[in-house]
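Novice: So here's my_file.txt (compact mmCIF, C-alpha atoms).
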```
# COMPACT_ATOMS: atom_id res chain seq x y z
CA MET S 1 -16.27 9.17 -26.15
CA ALA S 2 -15.02 8.51 -22.60
CA PRO S 3 -11.24 8.38 -22.12
CA ASP S 4 -9.70 4.92 -21.76
CA LYS S 5 -9.05 3.82 -18.21
CA PRO S 6 -5.65 2.51 -17.10
CA VAL S 7 -5.42 -1.26 -17.48
CA PRO S 8 -3.15 -4.07 -16.25
CA ARG S 9 -0.70 -5.28 -18.90
CA ILE S 10 1.85 -7.47 -17.14
CA LEU S 11 1.04 -11.16 -17.51
CA THR S 12 4.37 -12.98 -17.49
CA GLN S 13 7.87 -12.74 -16.06
CA GLU S 14 9.03 -11.61 -19.51
CA ASP S 15 6.55 -8.71 -19.37
CA LEU S 16 7.81 -7.77 -15.93
CA ASP S 17 11.41 -7.84 -17.17
CA VAL S 18 10.51 -5.35 -19.90
CA PHE S 19 8.66 -3.14 -17.40
CA GLN S 20 11.70 -3.05 -15.12
CA GLU S 21 13.70 -1.52 -17.96
CA SER S 22 11.02 1.06 -18.80
CA GLU S 23 10.85 4.78 -18.11
CA THR S 24 7.73 4.31 -15.97
CA TYR S 25 9.56 1.87 -13.69
CA ASN S 26 12.53 4.22 -13.32
CA VAL S 27 10.30 7.22 -12.62
CA LEU S 28 8.31 5.24 -10.05
CA VAL S 29 11.39 3.97 -8.21
CA GLN S 30 12.99 7.42 -8.24
CA PHE S 31 9.80 8.97 -6.82
CA ILE S 32 9.84 6.48 -3.92
CA LEU S 33 13.54 7.18 -3.33
CA ASP S 34 12.88 10.93 -3.37
CA LEU S 35 10.16 10.52 -0.75
CA ARG S 36 12.47 8.33 1.31
CA ALA S 37 15.15 11.02 1.15
CA ALA S 38 12.61 13.66 2.18
CA ALA S 39 11.69 11.57 5.25
CA LYS S 40 15.28 10.97 6.37
CA GLY S 41 15.84 12.10 9.94
CA ARG S 42 12.44 13.77 10.19
CA PRO S 43 9.75 12.68 12.67
CA ASN S 44 6.10 13.01 11.71
CA SER S 45 5.84 16.25 13.67
CA SER S 46 8.59 17.97 11.65
CA ARG S 47 7.52 21.28 10.27
CA CYS S 48 7.16 21.19 6.50
CA GLU S 49 5.53 23.61 4.15
CA GLU S 50 2.15 22.36 2.93
CA SER S 51 1.21 23.62 -0.51
CA GLU S 52 -2.37 24.05 -1.62
CA ALA S 53 -2.00 20.80 -3.55
CA THR S 54 -0.99 18.75 -0.49
CA LYS S 55 -3.76 20.38 1.54
CA SER S 56 -6.24 19.44 -1.19
CA ILE S 57 -5.18 15.78 -1.04
CA ILE S 58 -5.58 15.73 2.74
CA ARG S 59 -9.04 17.31 2.46
CA LEU S 60 -9.92 14.69 -0.15
CA LEU S 61 -8.82 11.89 2.18
CA ASP S 62 -10.86 13.46 4.98
CA GLU S 63 -13.95 13.37 2.75
CA ILE S 64 -13.28 9.75 1.85
CA GLN S 65 -13.07 8.86 5.52
CA ASP S 66 -16.46 10.52 6.01
CA LEU S 67 -17.87 7.98 3.54
CA THR S 68 -16.98 5.14 5.91
CA GLY S 69 -19.54 6.59 8.33
CA LEU S 70 -22.23 6.31 5.66
CA HIS S 71 -21.53 2.60 5.22
CA PRO S 72 -21.21 0.97 8.65
CA PRO S 73 -20.20 -2.70 8.79
CA VAL S 74 -23.00 -5.23 8.68
CA SER S 75 -23.35 -8.00 11.25
CA ASN S 76 -20.55 -10.45 10.53
CA ASP S 77 -19.84 -11.79 14.00
CA LYS S 78 -19.26 -15.42 13.07
CA SER S 79 -16.67 -14.70 10.35
CA ARG S 80 -13.13 -13.37 10.41
CA PHE S 81 -13.27 -12.61 6.71
CA GLY S 82 -14.02 -9.26 5.05
CA ASN S 83 -17.23 -7.38 5.86
CA PRO S 84 -19.56 -7.09 2.82
CA ALA S 85 -20.30 -3.44 3.68
CA PHE S 86 -16.88 -2.64 2.22
CA ARG S 87 -18.36 -3.14 -1.25
CA GLU S 88 -20.96 -0.44 -0.57
CA PHE S 89 -18.24 1.95 0.61
CA TYR S 90 -16.09 1.13 -2.42
CA ASN S 91 -18.91 1.56 -4.93
CA ASP S 92 -19.95 4.86 -3.36
CA LEU S 93 -16.35 6.10 -3.45
CA GLU S 94 -16.01 5.07 -7.09
CA ALA S 95 -19.21 6.93 -7.99
CA ARG S 96 -18.22 10.13 -6.14
CA LEU S 97 -14.55 10.30 -7.08
CA PRO S 98 -14.87 12.02 -10.48
CA ASP S 99 -16.64 15.02 -8.97
CA LEU S 100 -14.39 15.04 -5.91
CA LEU S 101 -11.29 15.12 -8.10
CA ARG S 102 -12.73 17.88 -10.30
CA HIS S 103 -13.46 19.89 -7.18
CA HIS S 104 -10.04 19.49 -5.60
CA PHE S 105 -8.00 19.64 -8.81
CA PRO S 106 -9.82 22.02 -11.17
CA GLY S 107 -8.25 22.44 -14.58
CA VAL S 108 -7.02 18.86 -14.89
CA LYS S 109 -8.03 17.38 -18.25
CA GLU S 110 -10.63 14.61 -18.30
CA ASP S 111 -8.26 11.94 -19.63
CA SER S 112 -5.86 12.70 -16.76
CA LEU S 113 -8.72 12.68 -14.25
CA VAL S 114 -9.59 9.16 -15.37
CA ASP S 115 -6.06 8.01 -14.52
CA LEU S 116 -6.15 9.75 -11.13
CA GLU S 117 -9.54 8.22 -10.33
CA CYS S 118 -8.40 4.71 -11.22
CA TYR S 119 -5.24 4.77 -9.11
CA LEU S 120 -6.98 6.35 -6.14
CA VAL S 121 -9.98 4.01 -5.97
CA GLU S 122 -7.70 0.98 -6.44
CA SER S 123 -5.60 2.17 -3.50
CA PHE S 124 -8.39 1.17 -1.09
CA GLY S 125 -8.39 -2.55 -1.85
CA ASN S 126 -10.27 -5.09 -3.93
CA SER S 127 -14.06 -4.84 -3.65
CA VAL S 128 -14.65 -8.40 -4.86
CA ARG S 129 -12.29 -10.17 -2.49
CA ILE S 130 -12.51 -7.48 0.22
CA ASP S 131 -8.75 -7.55 0.65
CA TYR S 132 -5.80 -5.19 0.66
CA GLY S 133 -2.06 -5.51 0.15
CA SER S 134 1.12 -3.83 -1.00
CA GLY S 135 -0.15 -3.60 -4.58
CA HIS S 136 -3.06 -1.43 -3.42
CA GLU S 137 -0.69 0.70 -1.38
CA LEU S 138 1.40 1.09 -4.55
CA ASN S 139 -1.64 2.49 -6.33
CA PHE S 140 -1.72 5.40 -3.87
CA VAL S 141 1.93 6.12 -4.67
CA CYS S 142 0.99 6.05 -8.37
CA PHE S 143 -1.82 8.54 -7.66
CA LEU S 144 0.75 10.87 -6.05
CA LEU S 145 3.22 10.25 -8.87
CA CYS S 146 0.55 11.15 -11.46
CA LEU S 147 -0.09 14.43 -9.64
CA SER S 148 3.65 15.05 -9.78
CA ARG S 149 3.81 14.25 -13.49
CA LEU S 150 0.95 16.71 -14.02
CA ARG S 151 3.03 19.31 -12.12
CA ILE S 152 0.33 19.69 -9.49
CA LEU S 153 2.77 18.38 -6.88
CA LYS S 154 6.29 19.81 -6.97
CA PRO S 155 9.63 18.49 -5.69
CA SER S 156 9.34 21.02 -2.86
CA ASP S 157 6.24 19.12 -1.72
CA HIS S 158 8.13 15.88 -1.05
CA PRO S 159 8.48 16.35 2.73
CA ALA S 160 4.77 17.13 3.08
CA ILE S 161 3.84 14.27 0.74
CA VAL S 162 5.54 11.64 2.88
CA LEU S 163 5.06 13.14 6.37
CA CYS S 164 1.56 14.59 6.00
CA VAL S 165 -0.21 13.10 2.97
CA PHE S 166 1.10 9.54 3.15
CA ASN S 167 0.63 9.43 6.91
CA ARG S 168 -2.97 10.60 6.45
CA TYR S 169 -3.54 7.85 3.90
CA ILE S 170 -2.16 5.20 6.28
CA ALA S 171 -4.39 6.50 9.08
CA LEU S 172 -7.40 6.29 6.76
CA MET S 173 -6.48 2.76 5.70
CA ARG S 174 -6.27 1.70 9.35
CA VAL S 175 -9.87 2.88 9.72
CA VAL S 176 -10.96 1.02 6.58
CA GLN S 177 -9.05 -2.14 7.53
CA SER S 178 -10.44 -2.13 11.06
CA GLN S 179 -14.01 -1.27 10.13
CA TYR S 180 -14.38 -3.71 7.24
CA TRP S 181 -11.93 -6.41 8.36
CA LEU S 182 -10.05 -6.35 5.06
CA GLU S 183 -8.20 -9.57 4.41
CA PRO S 184 -4.47 -9.60 3.56
CA ALA S 185 -4.18 -9.76 -0.24
CA GLY S 186 -2.90 -13.03 -1.68
CA SER S 187 -1.79 -15.97 0.41
CA HIS S 188 1.03 -14.26 2.26
CA GLY S 189 0.01 -10.71 3.10
CA VAL S 190 3.06 -8.53 2.40
CA TRP S 191 5.63 -11.32 2.59
CA GLY S 192 5.73 -11.33 6.38
CA LEU S 193 6.40 -7.63 7.04
CA ASP S 194 2.82 -6.65 7.82
CA ASP S 195 -0.53 -8.03 6.73
CA TYR S 196 -1.17 -4.94 4.61
CA HIS S 197 1.64 -2.40 4.21
CA PHE S 198 5.26 -2.08 3.21
CA LEU S 199 6.05 1.61 2.67
CA PRO S 200 5.60 2.76 6.30
CA PHE S 201 8.60 0.54 7.05
CA LEU S 202 10.61 1.86 4.11
CA PHE S 203 9.89 5.52 4.87
CA GLY S 204 9.93 4.91 8.62
CA ALA S 205 13.41 3.38 8.59
CA ALA S 206 14.63 6.50 6.76
CA GLN S 207 13.06 8.68 9.44
CA LEU S 208 14.97 6.79 12.14
CA SER S 209 18.25 6.48 10.24
CA THR S 210 19.81 9.52 11.95
CA HIS S 211 18.37 9.02 15.43
CA LYS S 212 21.03 9.18 18.14
CA TYR S 213 19.51 6.70 20.55
CA LEU S 214 16.83 4.50 18.97
CA ARG S 215 18.06 1.31 17.35
CA PRO S 216 16.25 -1.40 15.36
CA ARG S 217 16.00 -3.55 18.52
CA SER S 218 14.01 -0.72 20.12
CA ILE S 219 10.86 -2.06 18.44
CA HIS S 220 10.67 -4.60 21.30
CA ASP S 221 10.60 -1.89 23.97
CA VAL S 222 7.01 -1.16 25.01
CA ASP S 223 7.97 2.22 26.49
CA VAL S 224 9.70 3.28 23.26
CA LEU S 225 6.64 2.35 21.23
CA GLU S 226 4.39 4.27 23.57
CA MET S 227 6.58 7.37 23.40
CA TYR S 228 7.49 7.39 19.71
CA SER S 229 4.87 5.49 17.70
CA ASN S 230 3.16 8.76 16.77
CA GLN S 231 6.46 10.24 15.61
CA TYR S 232 7.90 7.51 13.39
CA MET S 233 6.03 5.45 10.80
CA TYR S 234 8.05 2.31 11.46
CA LEU S 235 7.28 2.34 15.17
CA GLY S 236 3.65 3.25 14.48
CA ALA S 237 3.33 0.22 12.22
CA ILE S 238 4.86 -2.03 14.91
CA ALA S 239 2.45 -0.62 17.49
CA PHE S 240 -0.47 -1.35 15.16
CA ILE S 241 0.68 -4.94 14.65
CA ASN S 242 0.93 -5.39 18.42
CA SER S 243 -2.57 -4.02 18.85
CA VAL S 244 -4.15 -6.58 16.52
CA LYS S 245 -1.96 -9.67 16.99
CA THR S 246 -2.03 -11.64 20.24
CA ALA S 247 1.25 -13.46 19.56
CA SER S 248 4.65 -11.85 20.07
CA LEU S 249 6.36 -10.16 17.14
CA ARG S 250 8.63 -13.17 16.81
CA TRP S 251 5.64 -15.31 15.82
CA SER S 252 3.26 -12.79 14.25
CA SER S 253 5.86 -10.98 12.10
CA PRO S 254 9.06 -13.06 12.07
CA MET S 255 10.76 -10.98 9.40
CA LEU S 256 10.35 -7.77 11.39
CA ASP S 257 11.72 -9.64 14.39
CA ASP S 258 14.76 -10.70 12.33
CA ILE S 259 15.28 -7.16 11.01
CA SER S 260 15.41 -5.85 14.57
CA GLY S 261 18.76 -7.59 14.86
CA VAL S 262 20.32 -5.31 12.22
CA LYS S 263 22.76 -2.88 13.85
CA THR S 264 21.67 0.45 12.33
CA TRP S 265 18.55 2.02 10.89
CA GLU S 266 20.59 3.11 7.87
CA LYS S 267 21.18 -0.56 7.04
CA VAL S 268 17.49 -1.29 7.57
CA SER S 269 16.59 1.62 5.30
CA GLU S 270 18.86 0.39 2.52
CA GLY S 271 17.56 -3.15 2.92
CA MET S 272 13.96 -2.00 2.71
CA VAL S 273 14.60 -0.45 -0.71
CA LYS S 274 16.18 -3.69 -1.97
CA MET S 275 13.32 -5.71 -0.54
CA TYR S 276 10.66 -3.44 -2.06
CA LYS S 277 12.19 -3.76 -5.50
CA ALA S 278 12.47 -7.54 -5.16
CA GLU S 279 9.31 -8.49 -3.27
CA VAL S 280 6.81 -5.92 -4.54
CA LEU S 281 8.00 -4.38 -7.81
CA GLY S 282 9.71 -7.63 -8.78
CA LYS S 283 6.85 -10.09 -8.23
CA VAL S 284 4.45 -11.03 -11.04
CA PRO S 285 1.57 -11.89 -8.64
CA ILE S 286 1.61 -8.27 -7.45
CA MET S 287 2.65 -6.43 -10.60
CA GLN S 288 0.17 -8.21 -12.87
CA HIS S 289 -2.39 -5.86 -11.30
CA PHE S 290 -0.31 -2.72 -11.94
CA LEU S 291 -2.25 -0.25 -14.06
CA PHE S 292 -0.86 1.51 -17.12
CA GLY S 293 -2.51 4.60 -18.56
CA LYS S 294 -1.66 7.84 -20.29
CA ILE S 295 0.35 9.30 -17.41
CA LEU S 296 2.19 6.07 -16.53
CA PRO S 297 2.46 4.26 -19.88
CA ILE S 298 4.16 1.11 -21.09
CA GLY S 299 5.11 0.15 -24.63
CA ASP S 300 4.87 -3.23 -26.29
CA LEU S 301 5.19 -6.26 -24.05
CA PRO S 302 6.17 -9.82 -25.03
CA SER S 303 2.72 -11.21 -24.18
CA ASP S 304 1.09 -8.72 -26.59
CA ARG S 305 2.29 -10.94 -29.44
CA GLU S 306 0.58 -14.03 -28.06
CA THR S 307 -2.99 -15.09 -28.54
CA THR S 308 -5.36 -15.36 -25.59
CA GLU S 309 -5.12 -19.13 -25.76
CA GLU S 310 -1.34 -19.04 -25.73
CA LYS S 311 -1.36 -16.78 -22.68
CA LYS S 312 -3.46 -19.34 -20.77
CA LEU S 313 -5.49 -16.59 -19.17
CA THR S 314 -8.06 -17.30 -16.52
CA GLN S 315 -10.78 -15.15 -14.98
CA HIS S 316 -10.92 -15.13 -11.19
CA ASP S 317 -12.55 -12.82 -8.66
CA GLY S 318 -13.07 -9.94 -11.04
CA HIS S 319 -9.72 -9.87 -12.83
CA ILE S 320 -7.75 -11.73 -15.47
CA HIS S 321 -4.30 -13.17 -15.00
CA SER S 322 -1.98 -15.91 -16.11
CA GLU S 323 -3.04 -19.20 -14.58
CA ASP S 324 0.49 -20.15 -13.53
CA VAL S 325 0.48 -17.48 -10.81
CA TRP S 326 -3.06 -18.01 -9.55
CA GLY S 327 -1.99 -19.60 -6.27
CA ASP S 328 0.21 -16.69 -5.22
CA CYS S 329 -2.20 -14.03 -6.37
CA CYS S 330 -5.64 -15.18 -5.37
CA GLY S 331 -5.11 -18.46 -3.61
CA ILE S 332 -5.86 -19.23 -0.01
CA LYS S 333 -8.01 -16.56 1.60
CA VAL S 334 -6.36 -15.23 4.76
CA PRO S 335 -8.70 -14.04 7.52
CA SER S 336 -8.33 -10.59 9.02
CA ALA S 337 -6.21 -10.51 12.19
CA ILE S 338 -8.17 -7.40 13.16
CA ALA S 339 -11.38 -9.43 13.01
CA ALA S 340 -9.84 -12.23 15.03
CA ARG S 341 -8.65 -9.79 17.69
CA GLN S 342 -12.03 -8.09 17.98
CA LEU S 343 -13.86 -11.41 18.13
CA SER S 344 -11.42 -12.83 20.67
CA HIS S 345 -12.51 -10.14 23.12
CA SER S 346 -15.95 -11.71 23.12
CA GLY S 347 -14.51 -15.20 23.55
CA GLU S 348 -15.94 -16.43 20.25
CA LEU S 349 -12.73 -16.77 18.27
CA ARG S 350 -9.05 -16.72 19.07
CA SER S 351 -6.53 -14.72 17.09
CA VAL S 352 -3.92 -16.67 15.19
CA PRO S 353 -0.44 -15.45 14.31
CA GLY S 354 0.44 -14.90 10.67
CA GLY S 355 3.39 -14.03 8.49
CA SER S 356 5.83 -15.81 6.24
CA ILE S 357 9.59 -15.79 6.23
CA ARG S 358 11.58 -14.80 3.19
CA PRO S 359 15.30 -14.01 2.81
CA ILE S 360 16.28 -10.52 4.01
CA PRO S 361 18.57 -8.49 1.71
CA PHE S 362 20.24 -6.50 4.49
CA ASP S 363 23.87 -7.53 3.97
```
Can the structure in the file be given as structure tokens, please?

Specialist:
Amino acid sequence: MAPDKPVPRILTQEDLDVFQESETYNVLVQFILDLRAAAKGRPNSSRCEESEATKSIIRLLDEIQDLTGLHPPVSNDKSRFGNPAFREFYNDLEARLPDLLRHHFPGVKEDSLVDLECYLVESFGNSVRIDYGSGHELNFVCFLLCLSRLRILKPSDHPAIVLCVFNRYIALMRVVQSQYWLEPAGSHGVWGLDDYHFLPFLFGAAQLSTHKYLRPRSIHDVDVLEMYSNQYMYLGAIAFINSVKTASLRWSSPMLDDISGVKTWEKVSEGMVKMYKAEVLGKVPIMQHFLFGKILPIGDLPSDRETTEEKKLTQHDGHIHSEDVWGDCCGIKVPSAIAARQLSHSGELRSVPGGSIRPIPFD
């Protein structure tokens, strides 16, 4: 009998409240904080010892990137929405992952491999909607956390995990997002920070928190971005936004523009942690897709005691959720800014700015 796959369990705010008091939540938050601490004051080029485990993850990501070459995008010139070839890439990845994981992590038990496979494949986006957001990014962190819980990754690996492995994952996702024109997940992308990601800003602010000269306002300096975008995740993310959005940062990413007014990177770093807890880990539309398995479990939840009818569940785009959060989760489809930028070069479509403003917890 095949091991059970991790499944989503959070359906209501009450479920989320219970999760936020659970061991899994605390372990997850602490893991992110540990990675943030490991990144503090260290540019991407910092020397860090790469264990065989971190090298294996990077080789695995390299092999996954090779799969994108086997599934080129199909002609989609008249649309700014996701390219259907992404589904072929995703299905191929899903089919190959069990053997890839067995090869790179021999000795891991089958029930643990199932958890690793689920978190990793889900970290590349949704194959039905052809979109990607901070919840998918979180799945990659869960994949790394599972490897840590299995003692494959050690605390001594933290610098390499954030500076080498996570950076490699972001680089791969830029390829996937650009090739398949992935749409921002949900109606708001990642609440105005970036269409897709959050953690490069959280880790990147920690990297810059001890820098003697660079300040948050430096993100508006073209020369600074050109010199340092390869060294700091935050600046690299800003440079990527500028490369795909035609509007200024003030209009395309108003929250990032507001954050640039904060005096120090240390304050930005602290604020990013608060924001991540509130706007990612604290939002039902995102966390209702969070997967619980044997490595990252959850106990009884309030909605477990309700009947399906009482939960008012609805099926939409390949997943089930509570109907009262449908609009935030799977509502208005948002076209890819990457697609708009590429098409604007041919004069067929113009890029449009995106982003939504939410309160910033930086005081």

Novice: Can you tell me, as an MDAnalysis selection string, what residues are no more than 12 Å from S:Leu214 when counting only C-alpha atoms, ignoring any on the same chain fewer than 2 positions away?

Specialist: chainID S and resid 41 205 207:212 216:221 223:225 227:228 232 234:235 260 263:266

Novice: Tell me, in Å to one decimal, how far atom CA of S:Glu279 is from atom CA of S:Lys154.

Specialist: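 If I compute the distance from atom CA of S:Glu279 to atom CA of S:Lys154, I get 28.7 Å.
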
Novice: Report, in Å with one decimal, the straight-line distance from atom CA of S:Met233 to atom CA of S:Pro200.

Specialist: 5.3 Å

Novice: In Å, how far is it from atom CA of S:Ile32 to atom CA of S:Arg168?

Specialist: 17.0 Å

Novice: So which one's closest to S:Arg42, S:Pro297, S:Pro302, S:Gly133, S:Gly204? Using all atoms listed in the file, please.

Specialist: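 For S:Arg42, the nearest of the given residues is S:Gly204.
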
Novice: In terms of the shortest atom-to-atom distance over only C-alpha atoms, which of S:Ala247, S:Leu120, S:Ala171, S:Leu70 is closest to S:Asp92?

Specialist: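 Checking each candidate against S:Asp92, we get S:Leu70 as the closest.
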
Novice: Neighbouring residues of S:Asp300 were defined as those with any atom within 10 Å, considering all atoms listed in the file; residues of the same chain fewer than 2 positions away were excluded. Please report them as a VMD selection string.

Specialist: chain S and resid 9 15 18 to 19 298 302 to 305

Novice: Could you check the closest approach to S:Ser178 for each of S:Ala38, S:Leu61, S:Leu97, S:Val244 and tell me which residue wins, using all atoms listed in the file?

Specialist: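 Comparing S:Ala38, S:Leu61, S:Leu97, S:Val244 against S:Ser178, the winner is S:Val244.
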
Novice: When distances are computed from all atoms listed in the file, which of S:Leu116, S:Leu193, S:Val262, S:Glu50 shows the smallest separation from S:Phe292?

Specialist: S:Leu116

Novice: Measuring atom to atom with all atoms listed in the file, identify which of S:Cys118, S:Leu33, S:Phe124, S:Val280 is nearest to S:Lys5.

Specialist: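 Among the listed residues, S:Cys118 lies closest to S:Lys5.
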
Novice: Using all atoms listed in the file, list the residues that have an atom at most 8 Å from (-0.4, 18.9, 4.7), coordinates as in the file, as a list in words.

Specialist: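 It turns out the residues near that spot are Glu49, Glu50, Ser51, Thr54, Lys55, Ile58, Ala160, Ile161, Cys164 and Val165 of chain S.
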
Novice: May I ask which of the residues S:Asn26, S:Gln13, S:Gln231, S:Ser45 is the closest one to S:Pro159, counting all atoms listed in the file?

Specialist: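 Checking each candidate against S:Pro159, we get S:Ser45 as the closest.
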
Novice: Show which residues sit within 12 Å of S:Glu63, as a list of chain:residue names. Count all atoms listed in the file, and ignore same-chain residues fewer than 6 positions away.

Specialist: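 Close residues of S:Glu63: S:Ser56, S:Ile57, S:Gly69, S:Leu70, S:Leu93, S:Arg96, S:Leu97, S:Leu100, S:Leu101, S:His103, S:His104, S:Arg168, S:Tyr169, S:Leu172.
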
Novice: Could you write out the selected residues, including C-alpha atoms, as an mmCIF file, keeping the file's coordinate frame?

Specialist:
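Produced file out.cif, reproduced below:
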```
data_model
loop_
_atom_site.group_PDB
_atom_site.id
_atom_site.type_symbol
_atom_site.label_atom_id
_atom_site.label_comp_id
_atom_site.auth_asym_id
_atom_site.auth_seq_id
_atom_site.Cartn_x
_atom_site.Cartn_y
_atom_site.Cartn_z
ATOM 1 C CA SER S 56 -6.240 19.440 -1.190
ATOM 2 C CA ILE S 57 -5.180 15.780 -1.040
ATOM 3 C CA GLY S 69 -19.540 6.590 8.330
ATOM 4 C CA LEU S 70 -22.230 6.310 5.660
ATOM 5 C CA LEU S 93 -16.350 6.100 -3.450
ATOM 6 C CA ARG S 96 -18.220 10.130 -6.140
ATOM 7 C CA LEU S 97 -14.550 10.300 -7.080
ATOM 8 C CA LEU S 100 -14.390 15.040 -5.910
ATOM 9 C CA LEU S 101 -11.290 15.120 -8.100
ATOM 10 C CA HIS S 103 -13.460 19.890 -7.180
ATOM 11 C CA HIS S 104 -10.040 19.490 -5.600
ATOM 12 C CA ARG S 168 -2.970 10.600 6.450
ATOM 13 C CA TYR S 169 -3.540 7.850 3.900
ATOM 14 C CA LEU S 172 -7.400 6.290 6.760
#
```

Novice: Write out as a list in words the residues lying within 9 Å of S:Leu256, counting all atoms listed in the file and excluding same-chain residues fewer than 3 positions away.

Specialist: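 Using all atoms listed in the file, the neighbours found are Gly192, Leu193, Asp194, Ile238, Leu249, Arg250, Ser253, Ile259 and Ser260 of chain S.
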
Novice: How about completing stretch 60-73 of chain S with N, CA and C atoms and giving it to me as a PDB file, in the frame of the given file?

Specialist:
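Ended up saving to rebuild-v6.pdb:
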```pdb
ATOM      1  N   LEU S  60      -9.283  15.775   0.605  1.00  0.00           N
ATOM      2  CA  LEU S  60      -9.920  14.690  -0.150  1.00  0.00           C
ATOM      3  C   LEU S  60      -9.950  13.413   0.677  1.00  0.00           C
ATOM      4  N   LEU S  61      -8.860  13.087   1.337  1.00  0.00           N
ATOM      5  CA  LEU S  61      -8.820  11.890   2.180  1.00  0.00           C
ATOM      6  C   LEU S  61      -9.773  12.017   3.372  1.00  0.00           C
ATOM      7  N   ASP S  62      -9.899  13.231   3.891  1.00  0.00           N
ATOM      8  CA  ASP S  62     -10.860  13.460   4.980  1.00  0.00           C
ATOM      9  C   ASP S  62     -12.285  13.166   4.501  1.00  0.00           C
ATOM     10  N   GLU S  63     -12.602  13.607   3.301  1.00  0.00           N
ATOM     11  CA  GLU S  63     -13.950  13.370   2.750  1.00  0.00           C
ATOM     12  C   GLU S  63     -14.187  11.893   2.497  1.00  0.00           C
ATOM     13  N   ILE S  64     -13.143  11.202   2.066  1.00  0.00           N
ATOM     14  CA  ILE S  64     -13.280   9.750   1.850  1.00  0.00           C
ATOM     15  C   ILE S  64     -13.517   9.037   3.171  1.00  0.00           C
ATOM     16  N   GLN S  65     -12.825   9.482   4.217  1.00  0.00           N
ATOM     17  CA  GLN S  65     -13.070   8.860   5.520  1.00  0.00           C
ATOM     18  C   GLN S  65     -14.510   9.096   5.969  1.00  0.00           C
ATOM     19  N   ASP S  66     -15.069  10.253   5.651  1.00  0.00           N
ATOM     20  CA  ASP S  66     -16.460  10.520   6.010  1.00  0.00           C
ATOM     21  C   ASP S  66     -17.403   9.489   5.379  1.00  0.00           C
ATOM     22  N   LEU S  67     -17.025   8.980   4.207  1.00  0.00           N
ATOM     23  CA  LEU S  67     -17.870   7.980   3.540  1.00  0.00           C
ATOM     24  C   LEU S  67     -17.959   6.687   4.345  1.00  0.00           C
ATOM     25  N   THR S  68     -16.925   6.371   5.114  1.00  0.00           N
ATOM     26  CA  THR S  68     -16.980   5.140   5.910  1.00  0.00           C
ATOM     27  C   THR S  68     -18.112   5.216   6.941  1.00  0.00           C
ATOM     28  N   GLY S  69     -18.438   6.437   7.386  1.00  0.00           N
ATOM     29  CA  GLY S  69     -19.540   6.590   8.330  1.00  0.00           C
ATOM     30  C   GLY S  69     -20.899   6.366   7.700  1.00  0.00           C
ATOM     31  N   LEU S  70     -20.965   6.537   6.370  1.00  0.00           N
ATOM     32  CA  LEU S  70     -22.230   6.310   5.660  1.00  0.00           C
ATOM     33  C   LEU S  70     -22.462   4.831   5.368  1.00  0.00           C
ATOM     34  N   HIS S  71     -21.420   4.028   5.541  1.00  0.00           N
ATOM     35  CA  HIS S  71     -21.530   2.600   5.220  1.00  0.00           C
ATOM     36  C   HIS S  71     -20.975   1.778   6.385  1.00  0.00           C
ATOM     37  N   PRO S  72     -21.689   1.731   7.487  1.00  0.00           N
ATOM     38  CA  PRO S  72     -21.210   0.970   8.650  1.00  0.00           C
ATOM     39  C   PRO S  72     -21.152  -0.523   8.335  1.00  0.00           C
ATOM     40  N   PRO S  73     -20.297  -1.247   9.024  1.00  0.00           N
ATOM     41  CA  PRO S  73     -20.200  -2.700   8.790  1.00  0.00           C
ATOM     42  C   PRO S  73     -21.499  -3.400   9.148  1.00  0.00           C
TER      43      PRO S  73
END
```
